[in-house]
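Shown next: target-v8.txt, given as compact mmCIF, C-alpha atoms.
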# COMPACT_ATOMS: atom_id res chain seq x y z
CA MET A 1 -15.97 44.85 56.75
CA ALA A 2 -12.29 43.98 57.02
CA THR A 3 -9.83 46.78 57.24
CA PRO A 4 -6.73 46.97 55.04
CA ASP A 5 -4.48 46.50 58.05
CA HIS A 6 -6.32 43.33 58.93
CA ASP A 7 -6.03 41.99 55.37
CA HIS A 8 -2.33 42.80 55.36
CA SER A 9 -1.76 40.96 58.63
CA ASP A 10 -3.64 37.89 57.33
CA SER A 11 -1.60 37.82 54.14
CA SER A 12 1.61 38.19 56.13
CA ALA A 13 0.61 35.29 58.36
CA SER A 14 -0.25 33.18 55.33
CA ARG A 15 3.09 33.94 53.72
CA ALA A 16 4.87 33.07 56.96
CA GLU A 17 3.03 29.78 57.19
CA LEU A 18 3.81 29.06 53.54
CA ASP A 19 7.48 29.85 54.05
CA ALA A 20 7.56 27.63 57.11
CA LEU A 21 5.90 24.82 55.17
CA ARG A 22 8.38 25.19 52.32
CA ALA A 23 11.29 25.16 54.76
CA ARG A 24 9.89 22.05 56.40
CA MET A 25 9.51 20.32 53.03
CA ALA A 26 13.04 21.30 52.07
CA GLN A 27 14.29 19.91 55.36
CA LEU A 28 12.47 16.63 54.80
CA GLU A 29 13.80 16.41 51.24
CA ALA A 30 17.30 17.02 52.55
CA ARG A 31 16.93 14.24 55.12
CA THR A 32 15.84 11.64 52.61
CA PRO A 33 19.21 11.20 50.87
CA ALA A 34 20.90 11.54 54.26
CA ARG A 35 19.01 8.46 55.38
CA SER A 36 19.77 6.57 52.21
CA ARG A 37 23.49 7.25 52.42
CA PRO A 38 23.94 5.35 55.69
CA ARG A 39 21.91 2.50 54.28
CA ILE A 40 24.13 2.34 51.20
CA GLY A 41 27.24 2.60 53.39
CA SER A 42 26.01 -0.16 55.67
CA PHE A 43 25.25 -2.39 52.69
CA LEU A 44 28.72 -1.80 51.23
CA ALA A 45 30.30 -2.39 54.63
CA VAL A 46 28.58 -5.76 54.98
CA LEU A 47 29.49 -6.66 51.40
CA LEU A 48 33.18 -5.77 51.84
CA ILE A 49 33.46 -7.68 55.12
CA LEU A 50 31.76 -10.70 53.56
CA VAL A 51 34.14 -10.63 50.57
CA ALA A 52 37.11 -10.32 52.95
CA ALA A 53 35.91 -13.38 54.86
CA VAL A 54 35.56 -15.37 51.62
CA LEU A 55 39.02 -14.29 50.42
CA THR A 56 40.69 -15.16 53.74
CA PRO A 57 41.19 -18.90 52.98
CA LEU A 58 42.51 -18.08 49.50
CA SER A 59 44.83 -15.46 50.97
CA ILE A 60 46.32 -17.92 53.44
CA VAL A 61 46.82 -20.54 50.72
CA ALA A 62 48.32 -17.95 48.37
CA ALA A 63 50.78 -16.75 50.99
CA TRP A 64 51.72 -20.37 51.73
CA ALA A 65 52.19 -21.16 48.04
CA LYS A 66 54.41 -18.13 47.46
CA ASN A 67 56.42 -17.87 50.67
CA ASP A 68 56.68 -21.49 51.81
CA ILE A 69 56.22 -23.99 49.00
CA GLY A 70 57.86 -21.69 46.46
CA ASP A 71 60.94 -21.05 48.63
CA THR A 72 63.72 -23.68 48.58
CA ASP A 73 65.03 -22.98 52.07
CA ARG A 74 61.57 -23.18 53.60
CA TYR A 75 60.81 -26.32 51.65
CA VAL A 76 63.99 -27.96 52.90
CA ALA A 77 63.13 -26.89 56.44
CA MET A 78 59.74 -28.59 56.02
CA VAL A 79 61.03 -31.90 54.65
CA LYS A 80 64.24 -32.20 56.70
CA PRO A 81 62.50 -33.69 59.78
CA LEU A 82 61.06 -36.41 57.54
CA ALA A 83 64.52 -38.01 57.37
CA SER A 84 64.12 -39.06 61.00
CA ASP A 85 60.42 -39.93 60.78
CA PRO A 86 60.03 -43.68 61.47
CA ASP A 87 57.21 -44.10 58.95
CA VAL A 88 59.16 -42.41 56.17
CA GLN A 89 62.30 -44.36 57.06
CA ALA A 90 60.39 -47.65 56.93
CA ALA A 91 58.80 -46.75 53.59
CA VAL A 92 62.17 -45.78 52.06
CA SER A 93 63.81 -48.95 53.42
CA ASN A 94 61.12 -51.19 51.96
CA ARG A 95 61.19 -49.40 48.62
CA VAL A 96 64.98 -49.53 48.26
CA THR A 97 65.14 -53.16 49.39
CA ASP A 98 62.51 -54.23 46.86
CA VAL A 99 64.27 -52.43 44.04
CA VAL A 100 67.72 -53.79 44.93
CA MET A 101 66.41 -57.34 45.20
CA THR A 102 64.67 -56.98 41.85
CA HIS A 103 68.03 -56.25 40.23
CA LEU A 104 70.02 -58.65 42.40
CA ASP A 105 69.92 -62.08 40.71
CA VAL A 106 71.87 -63.90 43.37
CA HIS A 107 72.51 -67.13 41.45
CA ALA A 108 73.46 -65.38 38.22
CA LEU A 109 75.72 -62.96 40.00
CA LEU A 110 77.39 -65.75 42.00
CA GLU A 111 78.44 -67.39 38.75
CA GLN A 112 80.16 -64.15 37.74
CA VAL A 113 82.16 -63.88 40.97
CA ALA A 114 85.88 -64.29 40.46
CA PRO A 115 87.44 -67.31 42.18
CA ALA A 116 89.55 -65.02 44.34
CA ASP A 117 86.43 -63.29 45.68
CA ARG A 118 84.46 -66.49 46.22
CA PRO A 119 85.65 -67.16 49.81
CA VAL A 120 84.64 -63.65 50.90
CA VAL A 121 81.18 -64.02 49.34
CA ASP A 122 80.70 -67.50 50.83
CA LYS A 123 81.67 -66.14 54.23
CA ALA A 124 79.17 -63.28 53.92
CA LEU A 125 76.36 -65.54 52.74
CA GLY A 126 77.25 -68.30 55.15
CA ARG A 127 75.95 -66.22 58.04
CA LEU A 128 72.51 -66.06 56.45
CA SER A 129 69.82 -68.52 57.52
CA GLY A 130 67.02 -69.97 55.40
CA PRO A 131 66.81 -69.94 51.60
CA ILE A 132 69.61 -67.97 50.04
CA THR A 133 67.26 -65.42 48.39
CA THR A 134 65.42 -64.78 51.64
CA GLY A 135 68.69 -64.50 53.50
CA VAL A 136 70.07 -62.02 51.01
CA SER A 137 66.83 -60.02 51.17
CA ASN A 138 67.06 -59.82 54.95
CA PHE A 139 70.71 -58.86 54.72
CA VAL A 140 69.97 -56.13 52.19
CA HIS A 141 67.01 -54.82 54.21
CA GLY A 142 69.09 -54.68 57.38
CA THR A 143 71.84 -52.78 55.58
CA VAL A 144 69.37 -50.36 54.05
CA ASP A 145 67.63 -49.84 57.39
CA ARG A 146 70.90 -49.04 59.16
CA PHE A 147 71.74 -46.47 56.52
CA VAL A 148 68.28 -44.89 56.47
CA THR A 149 68.30 -44.47 60.26
CA SER A 150 71.77 -42.89 60.26
CA ASP A 151 72.79 -39.25 60.06
CA ALA A 152 74.22 -39.91 56.60
CA PHE A 153 70.72 -40.49 55.22
CA GLU A 154 69.55 -37.13 56.54
CA LYS A 155 72.37 -35.43 54.62
CA VAL A 156 71.46 -37.30 51.43
CA TRP A 157 67.77 -36.55 51.95
CA VAL A 158 68.37 -32.83 52.49
CA ALA A 159 70.77 -32.56 49.56
CA LEU A 160 68.37 -34.44 47.30
CA ASN A 161 65.46 -32.14 48.15
CA ARG A 162 67.55 -28.97 47.98
CA ASN A 163 68.92 -29.84 44.55
CA ALA A 164 65.42 -30.71 43.42
CA HIS A 165 64.10 -27.36 44.70
CA ALA A 166 60.49 -27.46 45.89
CA ALA A 167 58.64 -30.70 45.19
CA ALA A 168 55.16 -29.25 45.28
CA VAL A 169 56.11 -26.31 43.04
CA LYS A 170 57.47 -28.68 40.46
CA ALA A 171 54.32 -30.75 40.71
CA LEU A 172 51.90 -27.88 40.34
CA THR A 173 53.85 -25.75 37.85
CA GLY A 174 55.66 -28.48 35.92
CA SER A 175 58.83 -26.35 36.02
CA GLY A 176 62.34 -27.37 36.92
CA GLY A 177 64.12 -30.69 36.86
CA GLY A 178 66.21 -32.65 39.30
CA ALA A 179 65.16 -35.55 41.44
CA VAL A 180 61.58 -34.41 41.94
CA LYS A 181 59.20 -34.61 39.01
CA LEU A 182 55.54 -34.93 38.17
CA THR A 183 54.58 -38.27 36.66
CA ASN A 184 50.93 -39.07 36.00
CA ASP A 185 49.71 -36.59 38.62
CA THR A 186 52.18 -37.96 41.18
CA VAL A 187 55.13 -36.19 42.81
CA VAL A 188 58.00 -38.67 43.02
CA ILE A 189 61.60 -38.47 44.24
CA ASP A 190 64.31 -40.44 42.49
CA LEU A 191 66.07 -42.53 45.17
CA ALA A 192 69.08 -43.28 42.97
CA PRO A 193 71.52 -41.51 45.36
CA VAL A 194 70.24 -43.62 48.26
CA ILE A 195 70.57 -46.84 46.24
CA ASP A 196 74.15 -45.95 45.28
CA ARG A 197 75.07 -45.51 48.94
CA VAL A 198 73.37 -48.79 49.84
CA LYS A 199 75.23 -50.64 47.09
CA GLN A 200 78.52 -49.38 48.47
CA LEU A 201 77.55 -50.40 52.00
CA LEU A 202 76.63 -53.90 50.79
CA VAL A 203 80.04 -54.22 49.14
CA ASP A 204 81.75 -52.92 52.28
CA HIS A 205 79.91 -55.53 54.36
CA GLY A 206 81.14 -58.39 52.19
CA LEU A 207 78.38 -58.70 49.58
CA THR A 208 80.71 -57.75 46.71
CA ILE A 209 78.26 -58.99 44.11
CA ALA A 210 76.23 -55.84 44.84
CA ALA A 211 78.86 -53.89 42.91
CA LYS A 212 77.57 -55.52 39.73
CA ILE A 213 74.08 -54.07 40.23
CA PRO A 214 73.49 -51.55 37.41
CA GLU A 215 72.53 -47.93 38.04
CA ILE A 216 68.96 -47.90 39.30
CA HIS A 217 66.50 -45.03 39.18
CA THR A 218 63.41 -45.61 41.27
CA ASP A 219 60.62 -43.34 42.44
CA PHE A 220 59.48 -42.64 45.98
CA THR A 221 56.01 -41.08 46.06
CA VAL A 222 55.83 -37.76 47.88
CA LEU A 223 52.36 -36.65 46.80
CA THR A 224 49.75 -38.12 44.50
CA SER A 225 46.37 -36.87 43.41
CA ASP A 226 44.24 -36.88 40.28
CA ALA A 227 43.71 -33.16 40.82
CA ILE A 228 47.40 -32.19 40.72
CA GLY A 229 47.46 -31.77 36.96
CA LYS A 230 44.24 -29.76 37.00
CA ALA A 231 45.52 -27.53 39.81
CA LYS A 232 48.61 -26.29 37.93
CA LYS A 233 47.07 -23.06 36.64
CA GLY A 234 45.32 -22.31 39.91
CA PHE A 235 48.46 -22.90 41.95
CA ARG A 236 50.52 -20.72 39.64
CA LEU A 237 47.92 -17.97 39.99
CA LEU A 238 48.09 -18.26 43.78
CA GLN A 239 51.85 -17.84 43.59
CA ILE A 240 51.46 -14.67 41.53
CA VAL A 241 48.90 -13.12 43.89
CA GLY A 242 50.60 -14.48 47.01
CA PHE A 243 51.48 -10.98 48.23
CA TRP A 244 48.62 -8.91 46.83
CA LEU A 245 45.69 -11.13 47.78
CA PRO A 246 46.28 -10.98 51.56
CA LEU A 247 46.80 -7.22 51.26
CA LEU A 248 43.56 -6.87 49.28
CA THR A 249 41.71 -8.91 51.91
CA LEU A 250 42.99 -6.62 54.65
CA VAL A 251 42.03 -3.50 52.68
CA LEU A 252 38.52 -4.82 52.04
CA ALA A 253 38.02 -5.61 55.72
CA ALA A 254 39.30 -2.16 56.72
CA GLY A 255 37.07 -0.52 54.11
CA GLY A 256 34.05 -2.34 55.46
CA VAL A 257 34.82 -1.09 58.97
CA LEU A 258 35.29 2.51 57.81
CA LEU A 259 32.05 2.54 55.82
CA ALA A 260 29.99 1.15 58.68
CA VAL A 261 27.89 3.45 60.83
CA ARG A 262 28.86 1.58 64.00
CA ARG A 263 32.54 1.04 63.36
CA ARG A 264 33.37 -0.70 66.61
CA ARG A 265 30.71 -3.32 66.00
CA ALA A 266 31.87 -3.61 62.39
CA LEU A 267 35.45 -4.18 63.57
CA VAL A 268 34.30 -6.99 65.84
CA THR A 269 32.29 -8.50 62.98
CA ALA A 270 35.14 -8.19 60.47
CA ALA A 271 37.69 -9.73 62.83
CA LEU A 272 35.42 -12.66 63.65
CA ALA A 273 34.49 -13.12 59.98
CA VAL A 274 38.16 -13.37 59.01
CA ALA A 275 38.77 -15.82 61.87
CA VAL A 276 35.83 -17.95 60.73
CA GLY A 277 37.17 -17.93 57.17
CA ALA A 278 40.52 -19.25 58.41
CA ALA A 279 38.78 -21.86 60.57
CA VAL A 280 36.82 -23.08 57.54
CA LEU A 281 40.14 -23.58 55.72
CA GLY A 282 41.47 -25.55 58.68
CA VAL A 283 38.45 -27.86 58.67
CA ALA A 284 38.69 -28.28 54.88
CA LEU A 285 42.37 -29.18 55.20
CA TRP A 286 41.58 -31.79 57.85
CA VAL A 287 38.82 -33.32 55.70
CA PHE A 288 41.02 -33.28 52.57
CA ARG A 289 43.80 -35.09 54.44
CA ALA A 290 41.45 -37.95 55.34
CA PHE A 291 40.12 -38.26 51.77
CA TYR A 292 43.63 -38.00 50.33
CA LEU A 293 45.04 -40.82 52.45
CA ASP A 294 42.02 -43.03 51.71
CA SER A 295 42.51 -42.53 47.97
CA LEU A 296 46.15 -43.65 47.93
CA PRO A 297 46.98 -46.88 46.09
CA ALA A 298 47.90 -49.93 48.13
CA SER A 299 51.56 -49.64 47.11
CA VAL A 300 51.93 -46.32 48.96
CA SER A 301 52.45 -46.32 52.72
CA GLN A 302 49.60 -44.34 54.28
CA SER A 303 51.55 -43.60 57.45
CA ALA A 304 54.50 -42.22 55.48
CA ALA A 305 52.17 -40.29 53.18
CA GLY A 306 50.45 -38.80 56.23
CA SER A 307 53.78 -37.66 57.66
CA ILE A 308 54.79 -36.08 54.35
CA PHE A 309 51.41 -34.36 53.99
CA ASP A 310 51.65 -32.95 57.52
CA ALA A 311 55.16 -31.66 56.85
CA LEU A 312 54.19 -29.93 53.61
CA VAL A 313 51.16 -28.18 55.15
CA GLY A 314 52.89 -27.34 58.43
CA TYR A 315 53.36 -23.67 57.53
CA LEU A 316 49.81 -23.55 56.18
CA ARG A 317 48.40 -24.78 59.48
CA ALA A 318 50.55 -22.27 61.34
CA GLY A 319 49.12 -19.49 59.17
CA ILE A 320 45.59 -20.67 59.91
CA ARG A 321 46.24 -20.64 63.65
CA MET A 322 47.79 -17.19 63.43
CA VAL A 323 44.86 -15.66 61.53
CA ILE A 324 42.31 -17.20 63.89
CA THR A 325 44.22 -15.93 66.92
CA LEU A 326 44.59 -12.43 65.49
CA GLY A 327 40.91 -12.29 64.57
CA VAL A 328 39.78 -13.33 68.03
CA VAL A 329 42.22 -10.95 69.77
CA VAL A 330 41.20 -7.95 67.66
CA ALA A 331 37.51 -8.74 68.09
CA LEU A 332 37.91 -9.13 71.84
CA ALA A 333 39.89 -5.89 72.12
CA ALA A 334 37.31 -3.96 70.08
CA TRP A 335 34.46 -5.44 72.11
CA LEU A 336 36.04 -4.61 75.45
CA SER A 337 36.74 -1.04 74.35
CA GLY A 338 33.01 -0.51 73.75
CA GLU A 339 30.29 0.61 76.13
CA GLY A 340 28.07 -2.47 76.04
CA ARG A 341 26.65 -3.85 79.26
CA ALA A 342 28.62 -7.10 79.21
CA ALA A 343 31.84 -5.38 78.13
CA THR A 344 31.41 -2.73 80.82
CA ARG A 345 30.88 -5.42 83.45
CA VAL A 346 34.00 -7.32 82.37
CA LYS A 347 36.07 -4.13 82.39
CA ALA A 348 34.73 -3.20 85.82
CA MET A 349 35.78 -6.59 87.20
CA TRP A 350 39.23 -6.29 85.58
CA GLN A 351 39.81 -2.71 86.70
CA GLY A 352 38.28 -3.22 90.13
CA GLY A 353 40.30 -6.34 90.86
CA ILE A 354 43.68 -4.89 89.85
CA GLY A 355 42.85 -1.52 91.41
CA ALA A 356 41.87 -3.16 94.69
CA VAL A 357 45.19 -5.00 94.78
CA ARG A 358 47.05 -1.74 94.21
CA ASP A 359 45.02 0.07 96.88
CA ALA A 360 45.51 -2.77 99.35
CA ALA A 361 49.27 -2.64 98.75
CA GLY A 362 49.22 1.12 99.39
CA ILE A 363 50.92 1.89 96.06
CA THR A 364 50.23 5.21 94.39
CA GLY A 365 51.08 5.92 90.81
CA GLY A 366 52.04 9.54 91.23
CA PRO A 367 52.92 11.44 88.04
CA VAL A 368 53.46 8.14 86.19
CA GLY A 369 50.02 6.91 87.20
CA ALA A 370 48.42 10.16 86.09
CA TRP A 371 50.18 9.95 82.71
CA VAL A 372 49.16 6.30 82.27
CA HIS A 373 45.58 7.24 83.13
CA ARG A 374 45.55 9.84 80.35
CA ALA A 375 47.22 7.58 77.78
CA LYS A 376 45.55 4.35 78.84
CA ASP A 377 43.62 3.60 75.64
CA PRO A 378 46.62 4.16 73.31
CA LEU A 379 48.80 2.05 75.61
CA ASN A 380 46.30 -0.83 75.62
CA TRP A 381 45.99 -0.77 71.83
CA THR A 382 49.79 -0.62 71.57
CA VAL A 383 50.02 -3.83 73.58
CA VAL A 384 47.48 -5.51 71.29
CA VAL A 385 49.26 -4.33 68.13
CA VAL A 386 52.69 -5.39 69.39
CA ALA A 387 51.37 -8.84 70.32
CA ALA A 388 49.80 -9.15 66.87
CA VAL A 389 53.04 -8.09 65.14
CA VAL A 390 55.09 -10.57 67.18
CA LEU A 391 52.68 -13.34 66.24
CA ILE A 392 52.85 -12.37 62.56
CA VAL A 393 56.65 -12.18 62.31
CA TRP A 394 57.20 -15.36 64.36
CA ASP A 395 58.39 -18.14 62.08
CA ARG A 396 55.71 -20.84 62.14
CA PRO A 397 54.32 -20.17 65.64
CA THR A 398 53.16 -23.27 67.48
CA ALA A 399 50.09 -23.44 69.69
CA MET A 400 52.29 -23.04 72.77
CA VAL A 401 54.00 -19.98 71.28
CA THR A 402 50.58 -18.45 70.64
CA VAL A 403 49.51 -19.12 74.22
CA TRP A 404 52.65 -17.52 75.64
CA ILE A 405 52.24 -14.45 73.45
CA ALA A 406 48.66 -14.11 74.73
CA ILE A 407 49.85 -14.50 78.34
CA ALA A 408 52.53 -11.85 77.81
CA ALA A 409 49.95 -9.48 76.31
CA LEU A 410 47.60 -10.02 79.26
CA PHE A 411 50.46 -9.35 81.67
CA ALA A 412 51.33 -6.12 79.86
CA LEU A 413 47.69 -5.02 79.97
CA ALA A 414 47.62 -5.82 83.69
CA VAL A 415 50.73 -3.69 84.23
CA VAL A 416 49.09 -0.77 82.41
CA GLU A 417 45.97 -1.17 84.55
CA PHE A 418 48.07 -1.43 87.72
CA LEU A 419 49.93 1.80 86.92
CA ASP A 420 46.70 3.61 86.03
CA ASP A 421 46.03 5.81 89.06
CA ASP A 422 43.42 8.55 88.92
CA SER A 423 43.51 8.97 92.72
CA THR A 424 40.20 7.16 93.23
CA PRO A 425 39.79 3.92 95.18
CA HIS A 426 39.13 0.77 93.14
CA LEU A 427 36.67 -1.52 94.87
CA LEU A 428 35.26 -4.75 93.58
CA PRO A 429 31.55 -4.60 92.73
CA ALA A 430 29.27 -5.59 95.59
CA PRO A 431 27.53 -8.95 95.23
CA HIS A 432 24.16 -8.91 93.54
CA GLY A 433 21.40 -7.89 95.93
CA GLN A 434 23.76 -6.50 98.59
CA ALA A 435 23.57 -2.81 99.29
CA HIS A 436 26.76 -0.81 99.07
CA GLY A 437 28.19 0.37 102.32
CA GLN A 438 26.86 -2.55 104.37
Can the structure from this file be put into structure tokens for me?
Amino acid sequence: MATPDHDHSDSSASRAELDALRARMAQLEARTPARSRPRIGSFLAVLLILVAAVLTPLSIVAAWAKNDIGDTDRYVAMVKPLASDPDVQAAVSNRVTDVVMTHLDVHALLEQVAPADRPVVDKALGRLSGPITTGVSNFVHGTVDRFVTSDAFEKVWVALNRNAHAAAVKALTGSGGGAVKLTNDTVVIDLAPVIDRVKQLLVDHGLTIAAKIPEIHTDFTVLTSDAIGKAKKGFRLLQIVGFWLPLLTLVLAAGGVLLAVRRRRALVTAALAVAVGAAVLGVALWVFRAFYLDSLPASVSQSAAGSIFDALVGYLRAGIRMVITLGVVVALAAWLSGEGRAATRVKAMWQGGIGAVRDAAGITGGPVGAWVHRAKDPLNWTVVVVAAVVLIVWDRPTAMVTVWIAIAALFALAVVEFLDDDSTPHLLPAPHGQAHGQ
């Protein structure tokens, strides 16, 4: 027969087991949402990084539309080199010559020449060989070509485009007036100022009948596409969001990194995703250029159109290169700052090589080396950030500029590593399979 003390001890043990079971169940219930929260955070992180990658091409185009195409000074800077482009010069010369000859009825105009001016005209035309119309055409083309290849044409070209404001903005928004306008989904420049100068040059060179040519307004095609009219609203929207869309893309990428469980890996992924998004835009731009030139009518010079297209998208291509470079640099920096096997091996080779050089030279860092050793990570990230800022603020960085910025950053990182002295020798890793100390 059980005693009361024994029954009491059994009941106490049962209650203890029950309390332990309840505590265990409560602990398991508490862990369940804790597990789900990281899963939700990881899903949101992936989603935000993916959206940032998708918005990257639109952000680059929006910034280009607002800051480059929409700005008169930048537009003029883009089109100014076209005045000395041989393909553009040839296209303008041919266009102006054709228009002048269309309005230059040589025989009719000769009948209107005053008797006093006839000897001068005969002298000018007497130097021409072949049929008189062909001779006059060659004379006009030579005069036009000399003007188009002179510095005076560059001044007229720049003034024409500045007064017209931005050609692409006028094409895609339909706003503004001046010499650039949108006609049947085609951006055209009125070459009337060029024709006026050519008429005066023809008169100065003895072809006085050119003074009787009436005022001529003719169009020189800058850009043509069936999609220009349809793209007006979209382009205007890109101009409006030109500042906010890149900022939103950056915030989304940063949010994805902060929500991720493994933030370093998320930073590498986000940086590479943004770089890939920019690369996709670069490939699309290259493909569009080929299709655009193939779709031009026969009356438009493909070589001149290619030069104009390249000039207008010059800043856009620079932005693409900059974003790709920044993405790769940030991803590489985040990867090297991790503890992965490959990253650790690369860092060991970098640190061991520079440290061995310092040790071989017998240089000690002293207090400076000790301070650099403590602040090494912030210093390295400072170098990366400064290089990124320089690349961002550089006006249309070329590929060579990007390379030199990268070389300067690597040199700065090498200096930091060289000054890092924790009073331990830096030896290169022994070859694989060779025992240390042998």
- Task: Could you check which of A:Pro57, A:Gly340, A:Gly355, A:Pro397 is closest to A:Arg321, using only C-alpha atoms?
- Result: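 Looking at the shortest contact to A:Arg321, the residue is A:Pro397.
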- Message: So, with only C-alpha atoms as the atoms that count, which of A:Ala260, A:Ala388, A:Leu18, A:Ala311 lies closest to A:Ala83?
- Response: A:Ala311
Could I get the residues of stretch 40-72 of chain A with an atom no further than 7 Å from an atom of stretch 240-250 of chain A, each paired with its nearest atom pair and that distance in Å to one decimal, using only C-alpha atoms, sorted by chain and residue number, as JSON lines?
{"residue": "A:Ala52", "atom": "CA", "partner": "A:Thr249", "partner_atom": "CA", "distance": 4.9}
{"residue": "A:Leu55", "atom": "CA", "partner": "A:Thr249", "partner_atom": "CA", "distance": 6.2}
{"residue": "A:Thr56", "atom": "CA", "partner": "A:Thr249", "partner_atom": "CA", "distance": 6.6}
{"residue": "A:Ser59", "atom": "CA", "partner": "A:Pro246", "partner_atom": "CA", "distance": 4.7}
{"residue": "A:Ala62", "atom": "CA", "partner": "A:Gly242", "partner_atom": "CA", "distance": 4.4}
{"residue": "A:Ala63", "atom": "CA", "partner": "A:Gly242", "partner_atom": "CA", "distance": 4.6}
{"residue": "A:Ala65", "atom": "CA", "partner": "A:Gly242", "partner_atom": "CA", "distance": 6.9}
{"residue": "A:Lys66", "atom": "CA", "partner": "A:Gly242", "partner_atom": "CA", "distance": 5.3}
- Sel. within 10 Å of pt (39.7, -22.4, 55.8), counting all atoms listed in the file, output as number ranges by chain: A: 53-61, 274-286, 317, 320, 324
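Taking atom CA of A:Leu293 and atom CA of A:Val144 as endpoints, the distance between them is 26.2 Å.
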- Ref. answer, residues at most 10 Å from (74.6, -48.5, 44.8) with only C-alpha atoms, as a PyMOL selection string: chain A and resi 100+192-203+210-216
- Query: From the list A:Ala406, A:Ala387, A:Phe418, A:Ala333, which residue is nearest A:Ala356 when using all atoms listed in the file?
  - Reply: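 Result for the nearest residue to A:Ala356: A:Phe418.
Using all atoms listed in the file, the nearest neighbour of A:Thr382 within the list A:Arg289, A:Ile354, A:Val330, A:Ala45 is A:Val330.
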- Across A:Thr402, A:Thr364, A:Ser337, A:Thr269, the smallest distance to A:Lys376, with only C-alpha atoms counted, is shown by A:Ser337
- Using only C-alpha atoms, which residues sit within 12 Å of A:Trp381 once same-chain residues fewer than 2 positions away are excluded, as a PyMOL selection string? chain A and resi 329-330+332-334+336-337+375-379+383-388+409-410+412-413+416
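Between A:Ala266 and the residues A:Val372, A:Ala23, A:Ser42, A:Tyr75, the shortest atom-to-atom distance, using only C-alpha atoms, involves A:Ser42.
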- What is the distance, in Å and to one decimal place, between atom CA of A:Val51 and atom CA of A:Val257?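 Between these atoms lies a distance of 12.7 Å.
Atom pair atom CA of A:Gly256 / atom CA of A:Trp335: separated by 16.9 Å.
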- Can you tell me, as a count of residues only, what residues are no more than 9 Å from A:Pro86 when counting only C-alpha atoms, ignoring any on the same chain fewer than 5 positions away? 3
